[in-house]
$ cat entry_8.cif   # mmCIF, C-alpha atoms
data_protein
#
loop_
_atom_site.label_atom_id
_atom_site.label_comp_id
_atom_site.auth_asym_id
_atom_site.auth_seq_id
_atom_site.Cartn_x
_atom_site.Cartn_y
_atom_site.Cartn_z
CA MET F 310 92.92 -191.20 -76.55
CA THR F 311 90.11 -190.93 -74.00
CA GLY F 312 87.63 -188.24 -73.12
CA THR F 313 84.23 -187.40 -71.66
CA VAL F 314 80.96 -186.89 -73.55
CA TYR F 315 80.06 -183.18 -73.41
CA THR F 316 76.85 -183.60 -75.42
CA GLU F 317 75.36 -186.05 -77.91
CA THR F 318 72.53 -186.71 -80.34
CA VAL F 319 71.20 -189.58 -82.40
CA VAL F 320 70.68 -188.55 -86.02
CA TYR F 321 67.68 -189.95 -87.94
CA LEU F 322 67.64 -187.62 -90.95
CA ALA F 323 70.98 -187.32 -92.72
CA PRO F 324 72.47 -186.12 -95.99
CA GLU F 325 72.97 -188.79 -98.65
CA ALA F 326 76.60 -189.35 -97.64
CA PHE F 327 75.44 -190.71 -94.28
CA ALA F 328 72.03 -192.10 -95.30
CA ASN F 329 73.17 -195.72 -94.87
CA ASP F 330 74.34 -195.04 -91.30
CA VAL F 331 71.06 -193.77 -89.76
CA PRO F 332 70.32 -193.81 -86.95
CA TYR F 333 73.82 -192.93 -85.78
CA GLN F 334 75.15 -191.13 -82.73
CA VAL F 335 77.28 -187.98 -82.90
CA ALA F 336 78.94 -186.54 -79.81
CA ILE F 337 81.13 -183.64 -78.80
CA VAL F 338 83.85 -185.13 -76.63
CA THR F 339 86.04 -183.22 -74.18
CA LEU F 340 89.52 -184.72 -74.43
CA GLU F 341 91.98 -184.96 -71.56
CA ASP F 342 93.78 -181.76 -72.60
CA GLY F 343 90.48 -179.89 -72.34
CA SER F 344 89.99 -179.47 -76.10
CA ARG F 345 86.79 -180.65 -77.73
CA VAL F 346 86.16 -182.63 -80.87
CA THR F 347 83.05 -183.82 -82.71
CA GLY F 348 83.05 -187.51 -83.48
CA ARG F 349 80.94 -190.59 -84.02
CA ILE F 350 80.02 -193.18 -81.43
CA LEU F 351 80.38 -196.88 -82.19
CA GLY F 352 78.52 -199.62 -80.34
CA GLU F 353 76.55 -198.81 -77.22
CA ARG F 354 74.83 -195.40 -77.04
CA VAL F 355 76.47 -192.88 -74.74
CA ALA F 356 75.15 -190.07 -72.53
CA ILE F 357 76.64 -186.83 -71.18
CA ASP F 358 79.54 -187.49 -68.75
CA ASP F 359 80.19 -191.01 -70.09
CA ARG F 360 83.86 -191.88 -70.59
CA VAL F 361 84.78 -192.75 -74.16
CA GLU F 362 87.88 -193.94 -75.93
CA GLN F 363 88.91 -193.19 -79.50
CA VAL F 364 89.07 -196.48 -81.38
CA GLU F 365 89.43 -195.28 -84.97
CA LEU F 366 90.21 -192.27 -87.11
CA ARG F 367 88.49 -192.36 -90.50
CA ASP F 368 89.27 -189.53 -92.92
CA GLY F 369 90.07 -187.28 -89.97
CA VAL F 370 86.87 -188.15 -88.09
CA PRO F 371 87.38 -189.72 -84.66
CA PHE F 372 85.20 -192.72 -83.75
CA PHE F 373 84.70 -193.33 -80.05
CA ARG F 374 83.45 -196.23 -77.98
CA ARG F 375 82.13 -196.21 -74.42
CA VAL F 376 84.61 -197.19 -71.74
CA ALA F 377 83.05 -199.41 -69.09
CA MET P 917 74.82 -140.62 -87.22
CA ARG P 918 71.45 -139.73 -88.69
CA ALA P 919 68.18 -141.23 -87.47
CA VAL P 920 67.12 -143.97 -89.91
CA ALA P 921 63.67 -145.36 -90.58
CA ILE P 922 62.04 -148.18 -92.44
CA ALA P 923 59.83 -146.30 -94.89
CA ALA P 924 58.22 -149.32 -96.50
CA ALA P 925 58.06 -153.12 -96.36
CA GLY P 926 56.87 -155.93 -98.60
CA LYS P 927 57.06 -159.70 -98.73
CA THR P 928 55.80 -162.78 -100.50
CA PRO P 929 53.86 -165.51 -98.75
CA PHE P 930 56.18 -168.27 -97.48
CA GLY P 931 55.63 -171.83 -98.65
CA ALA P 932 56.53 -174.42 -101.25
CA PHE P 933 56.00 -172.82 -104.65
CA PRO P 934 57.03 -175.24 -107.43
CA ASP P 935 56.07 -172.73 -110.14
CA ARG P 936 58.13 -169.82 -108.76
CA ASP P 937 61.87 -169.26 -109.23
CA LEU P 938 64.22 -167.36 -106.91
CA ARG P 939 64.20 -164.18 -108.96
CA SER P 940 60.43 -163.92 -109.29
CA LEU P 941 60.04 -164.22 -105.51
CA ALA P 942 62.67 -161.56 -104.81
CA VAL P 943 61.20 -159.24 -107.45
CA GLU P 944 57.70 -159.62 -106.00
CA ALA P 945 58.88 -158.64 -102.51
CA CYS P 946 60.88 -155.68 -103.83
CA GLN P 947 58.01 -154.41 -105.98
CA LYS P 948 55.53 -154.70 -103.10
CA CYS P 949 57.95 -152.79 -100.89
CA LEU P 950 58.55 -149.99 -103.40
CA LYS P 951 54.81 -149.71 -104.07
CA ASN P 952 54.15 -149.56 -100.33
CA GLY P 953 56.60 -146.66 -100.08
CA HIS P 954 55.47 -144.90 -103.28
CA VAL P 955 59.09 -145.06 -104.44
CA SER P 956 60.20 -145.77 -108.01
CA PRO P 957 63.14 -148.10 -108.80
CA SER P 958 65.11 -145.12 -110.13
CA GLN P 959 65.08 -143.53 -106.65
CA VAL P 960 66.91 -146.50 -105.08
CA GLU P 961 70.58 -145.61 -104.46
CA ALA P 962 71.84 -149.04 -103.41
CA PHE P 963 70.50 -152.59 -103.32
CA HIS P 964 71.45 -155.12 -100.62
CA LEU P 965 70.39 -158.74 -101.02
CA GLY P 966 70.59 -161.35 -98.27
CA ASN P 967 70.85 -164.88 -99.62
CA PHE P 968 72.45 -167.92 -98.06
CA ALA P 969 72.84 -170.53 -100.76
CA GLY P 970 71.29 -169.57 -104.09
CA PRO P 971 74.30 -171.01 -105.92
CA SER P 972 73.69 -174.42 -104.28
CA PHE P 973 69.89 -174.40 -104.23
CA VAL P 974 69.26 -173.06 -107.75
CA GLY P 975 72.69 -172.87 -109.40
CA GLN P 976 72.76 -169.09 -109.73
CA ASN P 977 75.54 -166.78 -108.59
CA HIS P 978 75.84 -162.99 -108.86
CA LEU P 979 72.39 -162.70 -107.38
CA ALA P 980 72.14 -159.03 -106.38
CA PRO P 981 72.25 -157.47 -109.87
CA TYR P 982 70.36 -160.53 -111.17
CA VAL P 983 67.47 -159.42 -108.95
CA SER P 984 67.89 -155.62 -108.93
CA THR P 985 67.87 -155.21 -112.70
CA ALA P 986 64.69 -157.28 -112.88
CA VAL P 987 63.13 -154.80 -110.44
CA GLY P 988 64.22 -151.95 -112.72
CA ILE P 989 67.02 -150.72 -110.47
CA ARG P 990 69.96 -149.75 -112.69
CA ASP P 991 73.55 -148.56 -112.32
CA VAL P 992 73.71 -148.42 -108.50
CA PRO P 993 75.72 -150.76 -106.24
CA ALA P 994 73.97 -154.14 -105.91
CA THR P 995 75.57 -156.49 -103.41
CA ARG P 996 74.80 -159.90 -101.95
CA PHE P 997 75.36 -160.55 -98.22
CA GLU P 998 75.90 -164.06 -96.86
CA ALA P 999 75.89 -164.90 -93.17
CA ALA P 1000 74.04 -168.24 -93.23
CA CYS P 1001 70.51 -167.77 -91.84
CA ALA P 1002 71.44 -164.21 -90.77
CA SER P 1003 72.17 -163.18 -94.37
CA SER P 1004 69.42 -160.62 -94.77
CA GLY P 1005 69.85 -159.39 -91.20
CA SER P 1006 73.43 -158.61 -92.18
CA ALA P 1007 72.29 -156.94 -95.42
CA PHE P 1008 69.97 -154.79 -93.29
CA PHE P 1009 72.67 -153.91 -90.72
CA HIS P 1010 75.03 -152.72 -93.45
CA ALA P 1011 72.28 -150.74 -95.18
CA PHE P 1012 71.55 -149.04 -91.87
CA LEU P 1013 75.22 -148.04 -91.55
CA ALA P 1014 75.25 -146.61 -95.07
CA VAL P 1015 72.11 -144.51 -94.50
CA ALA P 1016 73.01 -143.46 -90.95
CA SER P 1017 76.44 -142.29 -92.06
CA GLY P 1018 74.96 -140.18 -94.85
CA VAL P 1019 76.29 -142.15 -97.81
CA TYR P 1020 72.81 -143.00 -99.17
CA ASP P 1021 69.31 -141.64 -98.69
CA CYS P 1022 67.41 -144.63 -100.06
CA VAL P 1023 68.55 -148.26 -99.80
CA LEU P 1024 66.43 -151.27 -100.69
CA VAL P 1025 67.22 -154.39 -98.62
CA ALA P 1026 65.82 -157.74 -99.64
CA GLY P 1027 66.26 -161.35 -98.63
CA VAL P 1028 65.37 -164.43 -100.63
CA GLU P 1029 65.77 -168.20 -100.62
CA LYS P 1030 64.36 -170.82 -102.96
CA MET P 1031 64.77 -174.15 -101.16
CA THR P 1032 62.00 -176.55 -102.11
CA SER P 1033 63.28 -177.51 -105.55
CA GLN P 1034 65.79 -179.80 -103.84
CA PRO P 1035 65.00 -183.07 -102.02
CA THR P 1036 65.21 -182.92 -98.20
CA ALA P 1037 68.48 -184.89 -97.99
CA ARG P 1038 70.12 -182.40 -100.37
CA VAL P 1039 68.65 -179.41 -98.46
CA THR P 1040 70.13 -180.88 -95.27
CA GLU P 1041 73.50 -181.14 -97.00
CA ILE P 1042 73.37 -177.54 -98.30
CA LEU P 1043 72.34 -176.17 -94.91
CA ALA P 1044 75.21 -178.09 -93.32
CA GLY P 1045 77.52 -175.82 -95.31
CA ALA P 1046 76.85 -173.20 -92.61
CA GLY P 1047 78.72 -175.45 -90.17
CA ASP P 1048 82.41 -176.41 -90.05
CA CYS P 1049 82.76 -178.80 -92.97
CA SER P 1050 86.26 -179.88 -91.97
CA GLY P 1051 85.11 -181.13 -88.56
CA GLU P 1052 81.58 -181.40 -87.17
CA ILE P 1053 79.87 -181.82 -90.56
CA LYS P 1054 82.37 -184.43 -91.76
CA ALA P 1055 81.55 -186.38 -88.60
CA GLY P 1056 77.90 -186.59 -89.65
CA SER P 1057 76.42 -183.53 -87.93
CA THR P 1058 73.42 -181.88 -89.55
CA PHE P 1059 71.84 -178.61 -88.45
CA PRO P 1060 69.09 -180.36 -86.53
CA SER P 1061 71.78 -182.46 -84.83
CA LEU P 1062 73.85 -179.40 -83.82
CA PHE P 1063 70.78 -177.86 -82.17
CA ALA P 1064 69.88 -181.27 -80.74
CA MET P 1065 73.27 -181.29 -78.99
CA ILE P 1066 72.56 -177.79 -77.69
CA ALA P 1067 69.17 -179.01 -76.42
CA ARG P 1068 70.75 -182.03 -74.69
CA ARG P 1069 73.24 -179.82 -72.91
CA HIS P 1070 70.56 -177.27 -71.97
CA MET P 1071 68.48 -180.09 -70.50
CA TYR P 1072 71.50 -181.38 -68.59
CA GLN P 1073 72.56 -178.01 -67.18
CA TYR P 1074 69.16 -176.45 -66.50
CA GLY P 1075 66.58 -179.22 -66.40
CA THR P 1076 64.87 -178.08 -69.60
CA THR P 1077 62.35 -180.72 -70.70
CA LEU P 1078 60.83 -182.09 -73.90
CA GLU P 1079 57.57 -180.44 -72.81
CA HIS P 1080 59.32 -177.05 -72.68
CA LEU P 1081 60.53 -177.56 -76.25
CA ALA P 1082 57.09 -178.70 -77.38
CA ALA P 1083 55.49 -175.63 -75.75
CA VAL P 1084 57.45 -173.45 -78.19
CA ALA P 1085 56.19 -175.46 -81.17
CA VAL P 1086 52.57 -175.46 -79.97
CA LYS P 1087 52.63 -171.69 -79.35
CA ASN P 1088 54.27 -170.81 -82.66
CA HIS P 1089 51.90 -173.03 -84.62
CA ALA P 1090 48.95 -171.37 -82.88
CA ASN P 1091 50.34 -167.97 -83.87
CA GLY P 1092 51.10 -169.03 -87.43
CA ALA P 1093 47.53 -170.24 -87.91
CA LEU P 1094 46.55 -166.54 -87.76
CA ASN P 1095 49.13 -165.53 -90.40
CA PRO P 1096 47.74 -165.58 -93.97
CA ASP P 1097 51.30 -165.66 -95.36
CA ALA P 1098 52.53 -168.54 -93.19
CA HIS P 1099 53.83 -171.76 -94.75
CA MET P 1100 52.04 -174.04 -92.27
CA ARG P 1101 48.79 -172.66 -90.86
CA LYS P 1102 48.16 -175.60 -88.62
CA VAL P 1103 47.40 -175.73 -84.91
CA ILE P 1104 49.13 -178.63 -83.17
CA THR P 1105 48.69 -180.12 -79.70
CA MET P 1106 51.33 -180.86 -77.10
CA GLU P 1107 50.63 -184.59 -77.62
CA GLN P 1108 51.23 -184.32 -81.39
CA ALA P 1109 54.47 -182.43 -80.86
CA LEU P 1110 55.78 -184.99 -78.36
CA ALA P 1111 54.73 -188.00 -80.44
CA ALA P 1112 56.25 -186.82 -83.74
CA ARG P 1113 59.07 -188.81 -85.31
CA PRO P 1114 62.62 -188.01 -84.22
CA VAL P 1115 64.88 -185.96 -86.51
CA ALA P 1116 67.91 -185.78 -84.20
CA GLU P 1117 67.22 -186.77 -80.60
CA PRO P 1118 65.93 -184.99 -78.55
CA LEU P 1119 64.50 -182.91 -81.41
CA HIS P 1120 61.43 -184.22 -83.18
CA LEU P 1121 59.68 -183.12 -86.35
CA TYR P 1122 57.78 -180.24 -84.73
CA ASP P 1123 60.94 -178.91 -83.07
CA CYS P 1124 62.31 -178.05 -86.52
CA SER P 1125 61.50 -175.07 -88.72
CA LEU P 1126 60.30 -175.50 -92.28
CA ILE P 1127 62.03 -175.74 -95.64
CA SER P 1128 60.43 -172.86 -97.52
CA ASP P 1129 60.53 -170.54 -100.50
CA GLY P 1130 60.03 -166.82 -99.99
CA ALA P 1131 61.33 -163.28 -100.08
CA ALA P 1132 61.01 -160.07 -98.08
CA ALA P 1133 62.13 -156.46 -98.50
CA VAL P 1134 62.37 -153.20 -96.54
CA LEU P 1135 63.27 -149.70 -97.67
CA LEU P 1136 65.61 -147.57 -95.55
CA MET P 1137 65.74 -143.77 -95.52
CA PRO P 1138 66.83 -141.04 -93.14
CA LEU P 1139 63.88 -140.51 -90.78
CA ASP P 1140 63.27 -136.96 -92.00
CA ARG P 1141 63.06 -138.09 -95.61
CA ALA P 1142 60.93 -141.12 -94.78
CA ARG P 1143 58.21 -138.74 -93.53
CA ASP P 1144 57.84 -137.47 -97.10
CA PHE P 1145 56.92 -140.99 -98.27
CA THR P 1146 54.85 -142.37 -95.41
CA ASP P 1147 52.94 -141.16 -92.39
CA LYS P 1148 53.99 -144.33 -90.59
CA PRO P 1149 57.78 -144.46 -90.64
CA VAL P 1150 59.23 -147.06 -88.26
CA ARG P 1151 62.41 -145.93 -86.60
CA ILE P 1152 65.45 -148.18 -86.37
CA LEU P 1153 66.42 -147.43 -82.78
CA GLY P 1154 69.27 -149.90 -82.57
CA VAL P 1155 70.89 -152.57 -84.72
CA ALA P 1156 74.08 -154.57 -84.28
CA GLN P 1157 75.81 -157.61 -85.73
CA ALA P 1158 78.27 -159.89 -83.94
CA SER P 1159 80.19 -163.08 -84.69
CA ASP P 1160 81.59 -166.19 -83.03
CA PHE P 1161 83.13 -169.58 -83.90
CA VAL P 1162 81.44 -171.51 -86.72
CA ALA P 1163 82.11 -174.92 -85.13
CA LEU P 1164 79.97 -175.80 -82.13
CA ASP P 1165 82.85 -177.76 -80.57
CA HIS P 1166 84.96 -174.56 -80.45
CA LYS P 1167 82.52 -172.90 -78.06
CA GLU P 1168 83.11 -172.99 -74.34
CA ASP P 1169 79.44 -173.37 -73.40
CA ILE P 1170 76.98 -174.33 -76.14
CA THR P 1171 73.88 -173.37 -74.11
CA THR P 1172 74.45 -169.68 -74.84
CA PHE P 1173 75.38 -167.72 -77.95
CA PRO P 1174 77.93 -164.97 -77.21
CA ALA P 1175 77.21 -163.38 -80.61
CA VAL P 1176 73.57 -162.92 -79.61
CA ARG P 1177 74.58 -161.42 -76.27
CA ARG P 1178 77.01 -159.00 -77.88
CA ALA P 1179 74.66 -157.93 -80.66
CA ALA P 1180 71.82 -157.49 -78.15
CA GLN P 1181 73.96 -155.48 -75.76
CA LYS P 1182 75.04 -153.12 -78.54
CA ALA P 1183 71.53 -152.76 -79.94
CA TYR P 1184 70.10 -152.04 -76.48
CA GLU P 1185 72.80 -149.42 -75.86
CA MET P 1186 72.18 -147.75 -79.20
CA ALA P 1187 68.43 -147.70 -78.61
CA GLY P 1188 68.74 -146.60 -74.98
CA VAL P 1189 66.41 -149.37 -73.83
CA GLY P 1190 66.73 -152.66 -71.98
CA PRO P 1191 65.19 -156.11 -72.35
CA ARG P 1192 62.33 -155.23 -70.01
CA ASP P 1193 61.27 -152.36 -72.26
CA ILE P 1194 60.85 -154.59 -75.31
CA GLN P 1195 57.14 -155.24 -75.77
CA PHE P 1196 57.31 -158.04 -78.33
CA ALA P 1197 59.92 -159.86 -80.38
CA GLU P 1198 60.49 -162.01 -83.42
CA VAL P 1199 63.30 -164.42 -82.52
CA HIS P 1200 65.15 -167.00 -84.58
CA ASP P 1201 63.34 -170.25 -83.75
CA CYS P 1202 65.05 -172.39 -86.38
CA PHE P 1203 64.60 -175.09 -83.73
CA THR P 1204 62.45 -174.86 -80.60
CA VAL P 1205 65.51 -174.89 -78.36
CA ALA P 1206 66.88 -171.86 -80.24
CA GLU P 1207 63.90 -169.77 -79.10
CA ILE P 1208 64.50 -170.82 -75.49
CA VAL P 1209 68.20 -169.89 -75.70
CA ALA P 1210 67.29 -166.62 -77.46
CA LEU P 1211 65.03 -165.55 -74.59
CA GLU P 1212 67.97 -166.03 -72.24
CA ASP P 1213 70.64 -164.41 -74.44
CA LEU P 1214 68.41 -161.40 -75.15
CA GLY P 1215 68.04 -160.90 -71.40
CA PHE P 1216 64.28 -161.49 -71.28
CA VAL P 1217 64.88 -164.19 -68.63
CA GLU P 1218 67.82 -165.51 -66.62
CA ARG P 1219 69.97 -168.30 -68.06
CA GLY P 1220 68.21 -171.62 -67.80
CA ALA P 1221 64.79 -170.02 -67.25
CA GLY P 1222 63.70 -170.02 -70.91
CA GLY P 1223 61.92 -173.39 -70.84
CA PRO P 1224 59.70 -172.69 -67.81
CA PHE P 1225 59.00 -169.17 -69.18
CA GLU P 1226 57.70 -170.69 -72.42
CA ALA P 1227 55.62 -173.28 -70.58
CA SER P 1228 54.07 -170.54 -68.38
CA GLY P 1229 52.36 -168.93 -71.38
CA ALA P 1230 54.32 -165.68 -70.97
CA THR P 1231 55.43 -165.77 -74.61
CA ALA P 1232 51.95 -166.34 -76.06
CA ARG P 1233 50.11 -163.58 -77.94
CA THR P 1234 48.26 -162.82 -74.72
CA GLY P 1235 51.31 -163.16 -72.48
CA GLU P 1236 53.55 -160.53 -70.93
CA LYS P 1237 56.20 -160.90 -73.68
CA PRO P 1238 54.71 -162.13 -76.98
CA ILE P 1239 57.38 -163.97 -78.96
CA ASN P 1240 56.97 -164.82 -82.63
CA ALA P 1241 53.42 -163.57 -83.04
CA SER P 1242 53.95 -164.22 -86.77
CA GLY P 1243 54.34 -167.94 -86.14
CA GLY P 1244 58.12 -167.70 -86.29
CA LEU P 1245 60.36 -169.79 -88.49
CA LYS P 1246 58.53 -172.81 -87.08
CA SER P 1247 55.16 -172.07 -88.64
CA LYS P 1248 55.60 -169.02 -90.87
CA GLY P 1249 58.46 -170.80 -92.63
CA HIS P 1250 62.21 -170.35 -92.97
CA PRO P 1251 63.48 -169.46 -96.43
CA VAL P 1252 66.82 -168.85 -94.76
CA GLY P 1253 68.09 -165.83 -96.71
CA ALA P 1254 64.71 -164.08 -96.39
CA THR P 1255 64.16 -164.68 -92.69
CA GLY P 1256 66.01 -161.67 -91.21
CA VAL P 1257 64.16 -159.10 -93.31
CA ALA P 1258 60.87 -161.00 -92.96
CA GLN P 1259 61.14 -160.65 -89.17
CA LEU P 1260 61.52 -156.88 -89.67
CA CYS P 1261 58.47 -156.81 -91.98
CA ASP P 1262 56.45 -158.53 -89.25
CA ILE P 1263 57.58 -156.01 -86.63
CA VAL P 1264 56.85 -153.10 -88.96
CA ALA P 1265 53.33 -154.48 -89.53
CA GLN P 1266 52.77 -154.71 -85.74
CA ILE P 1267 54.02 -151.16 -85.10
CA ARG P 1268 51.90 -149.80 -87.95
CA CYS P 1269 48.82 -151.69 -86.68
CA GLU P 1270 48.64 -153.56 -89.98
CA ALA P 1271 49.08 -157.08 -88.61
CA GLY P 1272 45.44 -158.15 -89.01
CA ASP P 1273 44.51 -161.16 -86.88
CA MET P 1274 48.09 -161.23 -85.52
CA GLN P 1275 47.89 -157.66 -84.15
CA LEU P 1276 49.24 -157.22 -80.63
CA LYS P 1277 47.99 -154.52 -78.27
CA ARG P 1278 51.38 -153.44 -76.93
CA ASN P 1279 53.09 -152.77 -80.22
CA SER P 1280 55.31 -149.69 -80.04
CA LEU P 1281 58.73 -151.29 -79.34
CA GLY P 1282 59.76 -154.56 -81.00
CA LEU P 1283 62.97 -156.56 -81.34
CA ALA P 1284 64.17 -158.93 -84.05
CA GLN P 1285 66.91 -161.51 -83.48
CA ASN P 1286 68.34 -163.20 -86.59
CA LEU P 1287 70.82 -166.03 -86.02
CA GLY P 1288 73.27 -167.55 -88.47
CA GLY P 1289 74.48 -171.15 -88.26
CA SER P 1290 74.81 -172.52 -84.75
CA GLY P 1291 75.48 -169.02 -83.43
CA ALA P 1292 78.43 -167.80 -85.53
CA SER P 1293 76.52 -164.74 -86.77
CA CYS P 1294 73.78 -162.71 -85.15
CA VAL P 1295 71.95 -159.49 -85.95
CA VAL P 1296 69.69 -157.87 -83.36
CA SER P 1297 67.44 -154.97 -84.39
CA ILE P 1298 65.17 -152.79 -82.26
CA LEU P 1299 62.35 -150.95 -84.00
CA GLY P 1300 59.97 -148.38 -82.59
CA ASP P 1301 57.20 -146.01 -83.58
CA VAL P 1302 58.01 -142.32 -83.89
#

$ encode --input "entry_8.cif" --output "structure tokens"
Amino acid sequence: MTGTVYTETVVYLAPEAFANDVPYQVAIVTLEDGSRVTGRILGERVAIDDRVEQVELRDGVPFFRRVA
Amino acid sequence: MRAVAIAAAGKTPFGAFPDRDLRSLAVEACQKCLKNGHVSPSQVEAFHLGNFAGPSFVGQNHLAPYVSTAVGIRDVPATRFEAACASSGSAFFHAFLAVASGVYDCVLVAGVEKMTSQPTARVTEILAGAGDCSGEIKAGSTFPSLFAMIARRHMYQYGTTLEHLAAVAVKNHANGALNPDAHMRKVITMEQALAARPVAEPLHLYDCSLISDGAAAVLLMPLDRARDFTDKPVRILGVAQASDFVALDHKEDITTFPAVRRAAQKAYEMAGVGPRDIQFAEVHDCFTVAEIVALEDLGFVERGAGGPFEASGATARTGEKPINASGGLKSKGHPVGATGVAQLCDIVAQIRCEAGDMQLKRNSLGLAQNLGGSGASCVVSILGDV
């Protein structure tokens, strides 16, 4: 599944459940059907309008990676 | 509907108070309010309490009678309202309806939150409960990060800058330094704001409001009756509550809050005034970007113009539209359940010319905007002198 980054942030202060992940990037991604989903970004940081591809689904949370 | 007034107001200082529990803070605000109105607890016909997360922060449920009985209010309905950070705004809106419709002649509305007994990571987790825990929060979003994503999008669509955000923080800290009840009475510079450590990019430490303890209360009566208790009743000219999606990713455009627009439109209609008539406002600056979006959604400026308006000085105490003369959530503090009613207390103080060093010259028509979550709840209130 691919989509486009609608907005993003890099989180530095997180609840304990995510404390080991900081800093991590969260993005709202607009999917091809026009719906939006909040997911995590793996690898290279992304910016608004970047194309991303879903590479994993962990416990219902989509993880995306930038498409070159 | 009958004309309704705020007959009295009272609040605690905001801050970190390790020796105070939730109930003692709420009781202090209520007692100050009743004393201010020369009203005894036995005259109160209903008690509304705004509180976001007492059960999570301090492990106590059933908060309304827990507080009201400690104030000496017995037998009458005592109800807690929860709408995230708009909890006490919602308690106030529903109290207004009850008095305006003639059901009650005297309703005490309070708001309280006791937050500082938990470590910051746990506070972040509790606050995240105001978001969609099955989606955005599970993905690692925090409240700062939700507003950071709003800021990013606002920057992208309108060219809003980090300096615009910092201008809000600098202004609100300057205002809060004049507020004896503020949590952080500290003037900061633009350079300090911009150099602070990141919380969720592009938001830095000074873009975020404070984790605070505190309580506030107001007393509502029909206007005619309020005149028997005070020579300075403050009329509630308009008040409205609106709602929207809890999850940010369900919204079509995250740079505007439809709930704020709807609540504002209804409140303006009820009051028979428009955004230009409003002389000053207390808006919900939980994050600096939220104040910028509020200016736009309340109709004070066009969409996208909030950042430059802030940077121009127009929102300063001496500007054409003073915003958050109290210091706002940024500097005054943000005990979330208390914030909505505390904003009203600040507006009442301005209208009554009791705001001390914070006093504004144009003070007869003020607006309060209280936001819940990332825009899922909003209460807008317009108060005026009579």

$ closest_atom_pairs --input "entry_8.cif" --of "chain P" --to "chain F" --cutoff "8 Å" --atoms "all atoms listed in the file" --output "tab-separated table"
residue	atom	partner	partner_atom	distance
P:Ala1037	CA	F:Pro324	CA	4.6
P:Arg1038	CA	F:Pro324	CA	6.2
P:Thr1040	CA	F:Pro324	CA	5.8
P:Glu1041	CA	F:Pro324	CA	5.2
P:Gly1051	CA	F:Thr347	CA	6.8
P:Glu1052	CA	F:Thr347	CA	5.3
P:Lys1054	CA	F:Val370	CA	6.9
P:Ala1055	CA	F:Gly348	CA	5.5
P:Gly1056	CA	F:Phe327	CA	6.7
P:Ser1057	CA	F:Val335	CA	6.8
P:Thr1058	CA	F:Ala323	CA	6.8
P:Ser1061	CA	F:Thr318	CA	6.2
P:Ala1064	CA	F:Thr318	CA	6.1
P:Met1065	CA	F:Glu317	CA	5.3
P:Ile1066	CA	F:Thr316	CA	7.6
P:Arg1068	CA	F:Thr316	CA	6.3
P:Arg1069	CA	F:Thr316	CA	5.8
P:Tyr1072	CA	F:Ile357	CA	7.9
P:Pro1114	CA	F:Tyr321	CA	6.6
P:Val1115	CA	F:Tyr321	CA	5.1
P:Ala1116	CA	F:Val320	CA	4.3
P:Glu1117	CA	F:Val319	CA	5.2
P:Pro1118	CA	F:Thr318	CA	7.1
P:Asp1165	CA	F:Arg345	CA	5.7
P:His1166	CA	F:Arg345	CA	6.9

$ resolve_selection --input "entry_8.cif" --expression "the PyMOL selection byres ((chain P and resi 990-1002) around 7)" --output "mmCIF file with C-alpha atoms, in the frame of the given file"
data_model
loop_
_atom_site.group_PDB
_atom_site.id
_atom_site.type_symbol
_atom_site.label_atom_id
_atom_site.label_comp_id
_atom_site.auth_asym_id
_atom_site.auth_seq_id
_atom_site.Cartn_x
_atom_site.Cartn_y
_atom_site.Cartn_z
ATOM 1 C CA GLU P 961 70.580 -145.610 -104.460
ATOM 2 C CA ALA P 962 71.840 -149.040 -103.410
ATOM 3 C CA PHE P 963 70.500 -152.590 -103.320
ATOM 4 C CA HIS P 964 71.450 -155.120 -100.620
ATOM 5 C CA LEU P 965 70.390 -158.740 -101.020
ATOM 6 C CA GLY P 966 70.590 -161.350 -98.270
ATOM 7 C CA ASN P 967 70.850 -164.880 -99.620
ATOM 8 C CA PHE P 968 72.450 -167.920 -98.060
ATOM 9 C CA LEU P 979 72.390 -162.700 -107.380
ATOM 10 C CA ALA P 980 72.140 -159.030 -106.380
ATOM 11 C CA PRO P 981 72.250 -157.470 -109.870
ATOM 12 C CA SER P 984 67.890 -155.620 -108.930
ATOM 13 C CA THR P 985 67.870 -155.210 -112.700
ATOM 14 C CA GLY P 988 64.220 -151.950 -112.720
ATOM 15 C CA ILE P 989 67.020 -150.720 -110.470
ATOM 16 C CA SER P 1003 72.170 -163.180 -94.370
ATOM 17 C CA SER P 1004 69.420 -160.620 -94.770
ATOM 18 C CA GLY P 1005 69.850 -159.390 -91.200
ATOM 19 C CA SER P 1006 73.430 -158.610 -92.180
ATOM 20 C CA ALA P 1007 72.290 -156.940 -95.420
ATOM 21 C CA ALA P 1046 76.850 -173.200 -92.610
ATOM 22 C CA VAL P 1252 66.820 -168.850 -94.760
ATOM 23 C CA GLY P 1253 68.090 -165.830 -96.710
ATOM 24 C CA GLY P 1256 66.010 -161.670 -91.210
ATOM 25 C CA ASN P 1286 68.340 -163.200 -86.590
ATOM 26 C CA LEU P 1287 70.820 -166.030 -86.020
ATOM 27 C CA GLY P 1288 73.270 -167.550 -88.470
ATOM 28 C CA GLY P 1289 74.480 -171.150 -88.260
ATOM 29 C CA SER P 1293 76.520 -164.740 -86.770
ATOM 30 C CA CYS P 1294 73.780 -162.710 -85.150
ATOM 31 C CA VAL P 1295 71.950 -159.490 -85.950
#

$ resolve_selection --input "entry_8.cif" --expression "the PyMOL selection byres ((chain P and resi 918) around 10)" --output "MDAnalysis selection string"
chainID P and resid 917 919:921 1012:1013 1015:1018 1137:1140

$ decode --input "entry_8.cif" --residues "region 339-343 of chain F" --atoms "C-alpha atoms" --output "short mmCIF file (atom, residue, chain, number, x, y, z; two decimals), in the first residue's frame"
data_model
loop_
_atom_site.label_atom_id
_atom_site.label_comp_id
_atom_site.auth_asym_id
_atom_site.auth_seq_id
_atom_site.Cartn_x
_atom_site.Cartn_y
_atom_site.Cartn_z
CA THR F 339 -3.13 9.99 2.62
CA LEU F 340 -3.66 6.61 0.99
CA GLU F 341 -4.55 6.08 -2.66
CA ASP F 342 -8.27 5.77 -1.89
CA GLY F 343 -8.16 9.22 -0.26
#
